[in-house]
Amino acid sequence: MFGTYIRFQSKDMPMDNNFKIIEPDDRCYLIIDLKSFFASVECVDRGLDPMTTLLAVADKDRSKSTICLAITPAMKALGIKNRCRIHEIPKHLDYIIATPRMKRYIDISADIYEIYLSYVSKEDIHVYSIDESFLDVTHYLGLYGLSAHDLALKIMNDIKEKLGLRATCGIGTNLYLAKVALDILAKHSPDFIAELNEDTFKQRLWTHRPLTDFWRIGPGTQRHLNSLGMYTQKDIAHFPESILYKQFGVNAEYIIDHAWGRESCTMQDIKNYQSRSKSLSCGQVLMRDYNFDEALIIVKEMADELSLDMTAAHVVSNNISLFIGYSAETFPPTGVSATLQVTTNSYRILMDAFVQLYTRSAMRDVPIRRINVSANSVMDECFEQYSFFVDPSVMEKDRKVLQSVNEIKDRYGKNSVIKGMDLYEAGTSIQRNVQIGGHKAGI
């Protein structure tokens, strides 16, 4: 336990041994994660126990190489990796394959958020992902007369009773420590709750391996650190900072701070953050290898989708980017960008620009598997700029067409208006229009 319990008592009151008075500036954060969220929802909806049922969430209609979005804890206990592919699951295993239902998961996530709101204000909640949320409970512990551990347990039990879902929780004196407590320690705790402050972080995790278990350290960063002789957070903490800054640049600051268990970012910082530049993008992983001409159809569909999204958001841009990932891993992905002569959201201009980018940069004889298109540094439509080479009346006509298309789609569904190219066998737009996040929406 650490000093995050804040029941303030008068001098005349006897001291309660279960609570410790701390300085008002000390923070206490929870991060609550739903165990195997998608798989648990599927189990609960079937009246099954997620902790004992063998179930994987995956779209078996795609291919044997389809990645499982989630598997139950019972399957993890057998040594099966969470993000495995269907063909990697032992063939002798008798398990349930549940088709993804993204709308259902979003609805349940909203129900969980409603439970959080019954304990803390929305200003003290940061939704980190569909199944993880940070809660700043600093000023609520005294209000409820509970320790951070007891408050976390109360919220987790509330989720279990109302939705049938089990949760895990990390508690920390800063956001980083809460996240690390969740990711590394909570799963091994009897009540699935773990707590850390800077001192206990050093005691319990300074020599923990591998480094990739820690938030924001990926395989590439770990290899770089290992090459310099650092294998633990303690190694990083005692390594010369000047060399770290030389090797990692500005990223060295958070690498060093995290090695000591420090994190300066607060919930208020997150709420106040505003990006200097904004972009809109859409991307997809194709379900099979596409040749050059087939992938061109996808680029056109996505350029059209991006233009509609920009029109709906009332933004324009004069800079676009195209990313192409190939099926053959020996070929590096292609990433290109271009500056337009106009600042616009016209589908006519964007379509032509993306087609030119694609035809100039894509490898013609290598199968394509991933495509992403982006409009960078978008700005309000009031900043739209014209060119001597583009008729303003044409751009205005395009905008009115797109606005009408968006209105029809909003009222009657995204597939109420489609283009001829969407009917090609290689097209994916019609199918994607009934998906959420690239997966089946379900019911």
# chains A, B, ... in the order shown; residues from 1 in each chain; ligands from 1
$ residues_around --residues "region 131-133 of chain A" --least-positions-apart "5" --cutoff "9 Å" --atoms "only C-alpha atoms" --output "list in words"
Leu30, Ile31, Ile32, Asp33, Leu34, Lys35, Ser36, Phe37, Phe38, Ser109, Ile112, Tyr113, Ile125 and His126 of chain A
$ residues_around --residues "Ile297 (chain A)" --least-positions-apart "5" --cutoff "8 Å" --atoms "only C-alpha atoms" --output "list in words"
Met421, Ala426 and Gly427 of chain A
$ select_by_dssp --residues "region 32-88 of chain A" --states "strand (DSSP E)" --output "list in words"
Ile32, Asp33, Leu34, Leu55, Ala56, Val57, Ala70 and Ile71 of chain A
$ closest_atom_pairs --of "region 60-155 of chain A" --to "region 188-198 of chain A" --cutoff "9 Å" --atoms "only C-alpha atoms" --output "Markdown table"
| residue | atom | partner | partner_atom | distance |
| --- | --- | --- | --- | --- |
| A:Ala148 | CA | A:Glu195 | CA | 8.9 |
| A:His149 | CA | A:Ile193 | CA | 7.3 |
| A:Ala152 | CA | A:Ile193 | CA | 7.8 |
| A:Leu153 | CA | A:Ile193 | CA | 7.8 |
$ closest_atom_pairs --of "region 256-319 of chain A" --to "region 60-81 of chain A" --cutoff "12 Å" --atoms "only C-alpha atoms" --output "CSV"
residue,atom,partner,partner_atom,distance
A:Val285,CA,A:Thr66,CA,11.2
A:Leu286,CA,A:Arg62,CA,10.2
A:Met287,CA,A:Arg62,CA,6.7
A:Arg288,CA,A:Ser63,CA,9.0
$ write_last_selection --atoms "C-alpha atoms" --output "PDB file, in the first residue's frame"
ATOM      1  CA  VAL A 285      -6.152  -4.239 -44.583  1.00  0.00           C
ATOM      2  CA  LEU A 286      -7.288  -6.131 -47.671  1.00  0.00           C
ATOM      3  CA  MET A 287      -8.620  -9.669 -47.245  1.00  0.00           C
ATOM      4  CA  ARG A 288      -6.416 -11.046 -50.031  1.00  0.00           C
TER       5      ARG A 288
END
$ closest_atom_pairs --of "region 287-341 of chain A" --to "region 273-280 of chain A" --cutoff "12 Å" --atoms "only C-alpha atoms" --output "CSV"
residue,atom,partner,partner_atom,distance
A:Met302,CA,A:Leu280,CA,11.7
A:Ala303,CA,A:Leu280,CA,11.3
A:Glu305,CA,A:Leu280,CA,10.7
A:Leu306,CA,A:Leu280,CA,7.4
A:Ser307,CA,A:Leu280,CA,9.6
A:Leu308,CA,A:Leu280,CA,10.9
A:Asp309,CA,A:Leu280,CA,7.9
A:Met310,CA,A:Leu280,CA,7.4
A:Thr311,CA,A:Leu280,CA,11.1
A:Ala312,CA,A:Leu280,CA,11.5
A:Ala313,CA,A:Leu280,CA,9.5
A:His314,CA,A:Leu280,CA,11.6
A:Val315,CA,A:Leu280,CA,9.4
A:Val316,CA,A:Ser279,CA,9.9
A:Ser317,CA,A:Ser279,CA,8.7
A:Asn318,CA,A:Ser279,CA,11.2
A:Asn319,CA,A:Ser279,CA,9.7
A:Ile320,CA,A:Ser279,CA,9.4
A:Ser321,CA,A:Ser279,CA,10.3
$ residues_around --residues "Ala338 (chain A)" --least-positions-apart "4" --cutoff "12 Å" --atoms "only C-alpha atoms" --output "PyMOL selection string"
chain A and resi 317-322+342+350+352-358+360-361+373-376
$ write_last_selection --atoms "all heavy atoms" --output "compact mmCIF listing (two decimals), in the first residue's frame"
# COMPACT_ATOMS: atom_id res chain seq x y z
N SER A 317 -8.14 20.79 -47.15
CA SER A 317 -6.71 20.56 -47.01
C SER A 317 -6.04 20.75 -48.36
O SER A 317 -6.67 20.63 -49.41
CB SER A 317 -6.44 19.14 -46.50
OG SER A 317 -5.05 18.85 -46.50
N ASN A 318 -4.74 21.06 -48.31
CA ASN A 318 -3.96 21.14 -49.55
C ASN A 318 -2.78 20.17 -49.52
O ASN A 318 -1.86 20.27 -50.32
CB ASN A 318 -3.47 22.56 -49.80
CG ASN A 318 -2.40 22.97 -48.79
OD1 ASN A 318 -2.24 22.35 -47.73
ND2 ASN A 318 -1.66 24.04 -49.11
N ASN A 319 -2.83 19.21 -48.57
CA ASN A 319 -1.74 18.23 -48.48
C ASN A 319 -2.31 16.85 -48.22
O ASN A 319 -3.11 16.66 -47.30
CB ASN A 319 -0.76 18.62 -47.37
CG ASN A 319 0.44 17.70 -47.33
OD1 ASN A 319 0.43 16.67 -46.67
ND2 ASN A 319 1.49 18.09 -48.04
N ILE A 320 -1.93 15.88 -49.04
CA ILE A 320 -2.45 14.52 -48.91
C ILE A 320 -1.31 13.51 -48.82
O ILE A 320 -0.18 13.79 -49.25
CB ILE A 320 -3.37 14.15 -50.09
CG1 ILE A 320 -2.59 14.21 -51.41
CG2 ILE A 320 -4.59 15.05 -50.13
CD1 ILE A 320 -3.37 13.66 -52.60
N SER A 321 -1.61 12.34 -48.25
CA SER A 321 -0.62 11.28 -48.13
C SER A 321 -1.24 9.96 -48.53
O SER A 321 -2.44 9.72 -48.31
CB SER A 321 -0.08 11.18 -46.70
OG SER A 321 0.58 12.36 -46.32
N LEU A 322 -0.41 9.07 -49.08
CA LEU A 322 -0.84 7.73 -49.47
C LEU A 322 0.16 6.72 -48.93
O LEU A 322 1.38 6.89 -49.08
CB LEU A 322 -0.92 7.62 -50.99
CG LEU A 322 -1.17 6.22 -51.57
CD1 LEU A 322 -2.57 5.74 -51.21
CD2 LEU A 322 -0.97 6.22 -53.09
N VAL A 342 -4.67 23.74 -54.67
CA VAL A 342 -5.80 24.36 -54.00
C VAL A 342 -5.99 23.74 -52.62
O VAL A 342 -5.50 22.64 -52.34
CB VAL A 342 -7.10 24.20 -54.82
CG1 VAL A 342 -7.02 24.97 -56.11
CG2 VAL A 342 -7.38 22.72 -55.09
N LEU A 350 -9.37 15.62 -55.25
CA LEU A 350 -8.71 14.64 -54.39
C LEU A 350 -8.55 13.30 -55.10
O LEU A 350 -7.50 12.65 -55.00
CB LEU A 350 -9.49 14.46 -53.09
CG LEU A 350 -9.52 15.66 -52.14
CD1 LEU A 350 -10.44 15.38 -50.96
CD2 LEU A 350 -8.11 15.97 -51.64
N ASP A 352 -8.29 12.70 -58.32
CA ASP A 352 -7.24 12.81 -59.34
C ASP A 352 -5.85 12.83 -58.69
O ASP A 352 -4.92 12.17 -59.18
CB ASP A 352 -7.44 14.09 -60.16
CG ASP A 352 -6.41 14.23 -61.26
OD1 ASP A 352 -6.37 13.38 -62.15
OD2 ASP A 352 -5.63 15.21 -61.21
N ALA A 353 -5.71 13.52 -57.57
CA ALA A 353 -4.41 13.62 -56.90
C ALA A 353 -3.98 12.26 -56.34
O ALA A 353 -2.81 11.88 -56.47
CB ALA A 353 -4.49 14.65 -55.78
N PHE A 354 -4.89 11.53 -55.72
CA PHE A 354 -4.55 10.22 -55.17
C PHE A 354 -4.22 9.21 -56.27
O PHE A 354 -3.32 8.39 -56.12
CB PHE A 354 -5.68 9.69 -54.28
CG PHE A 354 -5.63 10.21 -52.88
CD1 PHE A 354 -6.64 11.04 -52.41
CD2 PHE A 354 -4.59 9.89 -52.03
CE1 PHE A 354 -6.61 11.53 -51.11
CE2 PHE A 354 -4.54 10.38 -50.72
CZ PHE A 354 -5.56 11.20 -50.26
N VAL A 355 -4.94 9.26 -57.36
CA VAL A 355 -4.65 8.36 -58.48
C VAL A 355 -3.25 8.63 -59.03
O VAL A 355 -2.49 7.70 -59.32
CB VAL A 355 -5.71 8.52 -59.59
CG1 VAL A 355 -5.26 7.80 -60.86
CG2 VAL A 355 -7.05 7.96 -59.13
N GLN A 356 -2.89 9.91 -59.16
CA GLN A 356 -1.54 10.25 -59.64
C GLN A 356 -0.47 9.77 -58.67
O GLN A 356 0.56 9.22 -59.08
CB GLN A 356 -1.43 11.77 -59.83
CG GLN A 356 -2.20 12.32 -61.01
CD GLN A 356 -1.90 13.79 -61.25
OE1 GLN A 356 -0.75 14.21 -61.24
NE2 GLN A 356 -2.95 14.57 -61.45
N LEU A 357 -0.71 9.97 -57.36
CA LEU A 357 0.25 9.49 -56.36
C LEU A 357 0.43 7.98 -56.46
O LEU A 357 1.55 7.46 -56.41
CB LEU A 357 -0.23 9.85 -54.95
CG LEU A 357 0.18 11.19 -54.35
CD1 LEU A 357 -0.36 11.29 -52.93
CD2 LEU A 357 1.68 11.35 -54.34
N TYR A 358 -0.69 7.28 -56.60
CA TYR A 358 -0.64 5.82 -56.64
C TYR A 358 0.09 5.31 -57.88
O TYR A 358 0.98 4.45 -57.79
CB TYR A 358 -2.06 5.26 -56.61
CG TYR A 358 -2.13 3.75 -56.76
CD1 TYR A 358 -1.83 2.92 -55.69
CD2 TYR A 358 -2.49 3.17 -57.98
CE1 TYR A 358 -1.88 1.53 -55.82
CE2 TYR A 358 -2.54 1.79 -58.12
CZ TYR A 358 -2.23 0.99 -57.04
OH TYR A 358 -2.27 -0.38 -57.18
N ARG A 360 2.25 6.72 -59.70
CA ARG A 360 3.67 7.07 -59.73
C ARG A 360 4.51 6.28 -58.73
O ARG A 360 5.69 6.07 -58.94
CB ARG A 360 3.86 8.57 -59.43
CG ARG A 360 3.40 9.51 -60.53
CD ARG A 360 4.09 10.87 -60.39
NE ARG A 360 4.03 11.39 -59.05
CZ ARG A 360 3.15 12.29 -58.62
NH1 ARG A 360 2.23 12.73 -59.45
NH2 ARG A 360 3.17 12.73 -57.38
N SER A 361 3.89 5.84 -57.63
CA SER A 361 4.69 5.30 -56.54
C SER A 361 4.51 3.81 -56.27
O SER A 361 5.42 3.15 -55.75
CB SER A 361 4.40 6.07 -55.25
OG SER A 361 3.02 5.95 -54.90
N VAL A 373 -5.17 6.39 -46.91
CA VAL A 373 -5.14 7.72 -47.52
C VAL A 373 -5.41 8.75 -46.42
O VAL A 373 -6.19 8.50 -45.50
CB VAL A 373 -6.17 7.86 -48.66
CG1 VAL A 373 -5.88 6.88 -49.78
CG2 VAL A 373 -7.60 7.65 -48.15
N SER A 374 -4.76 9.91 -46.52
CA SER A 374 -4.89 10.93 -45.48
C SER A 374 -4.94 12.32 -46.09
O SER A 374 -4.31 12.59 -47.12
CB SER A 374 -3.70 10.88 -44.51
OG SER A 374 -3.59 9.62 -43.90
N ALA A 375 -5.71 13.19 -45.43
CA ALA A 375 -5.68 14.63 -45.71
C ALA A 375 -5.04 15.28 -44.49
O ALA A 375 -5.55 15.17 -43.38
CB ALA A 375 -7.09 15.17 -45.93
N ASN A 376 -3.90 15.93 -44.69
CA ASN A 376 -3.10 16.43 -43.58
C ASN A 376 -3.37 17.91 -43.31
O ASN A 376 -3.75 18.66 -44.21
CB ASN A 376 -1.61 16.22 -43.88
CG ASN A 376 -1.32 14.79 -44.29
OD1 ASN A 376 -1.75 13.86 -43.64
ND2 ASN A 376 -0.58 14.63 -45.39
$ atom_distance --atom1 "CA of Val434 (chain A)" --atom2 "CA of Tyr128 (chain A)"
25.1 Å
$ closest_residue --among "A:Asn345, A:Asn226, A:Gln385, A:Thr173" --to "Glu263 (chain A)" --atoms "only C-alpha atoms"
A:Thr173
$ atom_distance --atom1 "CA of Arg85 (chain A)" --atom2 "CA of Pro50 (chain A)"
19.8 Å
$ residues_around --residues "Val394 (chain A)" --least-positions-apart "4" --cutoff "10 Å" --atoms "only C-alpha atoms" --output "PyMOL selection string"
chain A and resi 346+348+390+398-399
$ write_last_selection --atoms "N, CA and C atoms" --output "mmCIF file, in the first residue's frame"
data_model
loop_
_atom_site.group_PDB
_atom_site.id
_atom_site.type_symbol
_atom_site.label_atom_id
_atom_site.label_comp_id
_atom_site.auth_asym_id
_atom_site.auth_seq_id
_atom_site.Cartn_x
_atom_site.Cartn_y
_atom_site.Cartn_z
ATOM 1 N N SER A 346 -12.903 18.833 -52.488
ATOM 2 C CA SER A 346 -13.542 18.384 -53.724
ATOM 3 C C SER A 346 -13.124 16.956 -54.064
ATOM 4 N N ARG A 348 -13.443 15.483 -56.825
ATOM 5 C CA ARG A 348 -12.864 15.477 -58.168
ATOM 6 C C ARG A 348 -11.353 15.726 -58.096
ATOM 7 N N VAL A 390 -8.332 26.078 -61.621
ATOM 8 C CA VAL A 390 -9.523 25.344 -61.200
ATOM 9 C C VAL A 390 -10.702 26.302 -61.126
ATOM 10 N N ASP A 398 -19.211 20.550 -56.579
ATOM 11 C CA ASP A 398 -18.783 19.291 -55.957
ATOM 12 C C ASP A 398 -19.190 19.243 -54.488
ATOM 13 N N ARG A 399 -19.016 20.377 -53.795
ATOM 14 C CA ARG A 399 -19.349 20.412 -52.380
ATOM 15 C C ARG A 399 -20.843 20.167 -52.168
#
$ residues_around --residues "Lys122 (chain A)" --least-positions-apart "2" --cutoff "12 Å" --atoms "only C-alpha atoms" --output "PyMOL selection string"
chain A and resi 113-120+124-127+133-137+267-268+271
$ residues_around --residues "region 245-258 of chain A" --least-positions-apart "2" --cutoff "12 Å" --atoms "only C-alpha atoms" --output "PyMOL selection string"
chain A and resi 174-180+197-198+201-202+205-206+211+214-218+220-222+224-225+227-228+230+232-243+260-265
$ atom_distance --atom1 "CA of Leu141 (chain A)" --atom2 "CA of Gly172 (chain A)"
13.7 Å
